[in-house]
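Below is one structure, written out as structure tokens, with a few remarks after it.
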Amino acid sequence: MAEDLLEQLARVVPKAVVGGERRPRPSGRRLDRPLSRRDLELLARVPLFAGLSRRHLRRVAEHADLAAFRPGEHIVREGQPGGTFYVLVEGAAVVRQKGRRIGRLRPGDFFGEVSLLDGGPRTADVVAETPVTAIRIFKRAFDRLLREEPGVAARILAVVAARLRVAERRSLIG
């Protein structure tokens, strides 16, 4: 009887739903999802979060998700308001400023940390060069995290300050 019902259902409902088959991803749809334990390990290797305890890392992960980008798709656009931090998990992206290529990002690289703090305009385009999967944290979620876990803020500010010092030295040298 149950088999008859499944056969009838299969004639009306797509096979992918009845049989649990995986369908290919439509080209315009995102596969955003929460972070897994494996993603948490990657987050721990990001310099911005490297000094955090396991508990704090789990709290950061609770406020993050994974986003997928197709080759040629803008992850962020220069001049547009910021408000999102990214860590590349898979793939490669190109960084362009005023249309000129200034860098390339690979898994483990991150960007947008200043945007988490001030929400100011993006200073460069970041475009997926290959299919990219990235950990993403929105400013609103990040602000909530900092209110709930002030210890996270101190560590992140120290890393951001160090990056600004490096950038300052480069501009003085160059």
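Note on naming: chains are A, B, ... as they come in the structure tokens, residues start from 1 per chain, ligands start from 1 in the order shown.
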Q: List the neighbours of Arg77 (chain A) out to 12 Å using only C-alpha atoms; skip same-chain residues closer than 6 positions along the sequence, and give me the result as an MDAnalysis selection string.
A: chainID A and resid 83:84 94:99 112 121:128
With C-alpha atoms retained, write the just-selected residues as a PDB file, in the first residue's frame.
ATOM      1  CA  GLY A  83      28.547  46.136   6.134  1.00  0.00           C
ATOM      2  CA  THR A  84      29.673  42.580   5.400  1.00  0.00           C
ATOM      3  CA  VAL A  94      40.303  39.350  -7.903  1.00  0.00           C
ATOM      4  CA  VAL A  95      40.570  42.691  -6.095  1.00  0.00           C
ATOM      5  CA  ARG A  96      40.269  45.806  -8.283  1.00  0.00           C
ATOM      6  CA  GLN A  97      40.539  49.443  -7.324  1.00  0.00           C
ATOM      7  CA  LYS A  98      39.387  52.052  -9.844  1.00  0.00           C
ATOM      8  CA  GLY A  99      39.285  49.259 -12.444  1.00  0.00           C
ATOM      9  CA  GLY A 112      35.627  43.755   4.811  1.00  0.00           C
ATOM     10  CA  PRO A 121      31.926  52.558   1.472  1.00  0.00           C
ATOM     11  CA  ARG A 122      33.925  49.728  -0.069  1.00  0.00           C
ATOM     12  CA  THR A 123      37.409  50.714  -1.168  1.00  0.00           C
ATOM     13  CA  ALA A 124      37.645  48.108  -3.961  1.00  0.00           C
ATOM     14  CA  ASP A 125      35.732  45.621  -6.090  1.00  0.00           C
ATOM     15  CA  VAL A 126      36.103  41.956  -5.210  1.00  0.00           C
ATOM     16  CA  VAL A 127      35.035  39.681  -8.073  1.00  0.00           C
ATOM     17  CA  ALA A 128      34.887  35.887  -8.042  1.00  0.00           C
TER      18      ALA A 128
END
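Residue nearest Pro107 (chain A), chosen from A:Gly120, A:Pro131, A:Ala154, A:Ser171 and counting only C-alpha atoms: A:Pro131.
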(Q) So that I can check the surroundings of region 41-58 of chain A, please list as a list of chain:residue names every protein, DNA and RNA residue that reaches within 8 Å of it, counting only C-alpha atoms and ignoring chain neighbours fewer than 3 positions away. (A) A:Arg37, A:Arg38, A:Ala61, A:Glu62, A:Val87, A:Val89, A:Gly108, A:Asp109, A:Phe110, A:Glu149, A:Val152, A:Arg155, A:Ile156, A:Val159, A:Val160
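Here the question is which of A:Ser36, A:Gly119, A:Val132, A:Phe85 gets nearest to Gly72 (chain A) using only C-alpha atoms, and that residue is A:Val132.
Take CA of Gly91 (chain A) and CA of Arg59 (chain A): the distance between them is 25.5 Å.
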Q: Check the DSSP output for the backbone and give back, as a ChimeraX atom specification, the residues of region 64-168 of chain A in strand (DSSP E).
A: /A:64-69,74-76,84-90,93-97,100-105,110-111,125-128,132-138
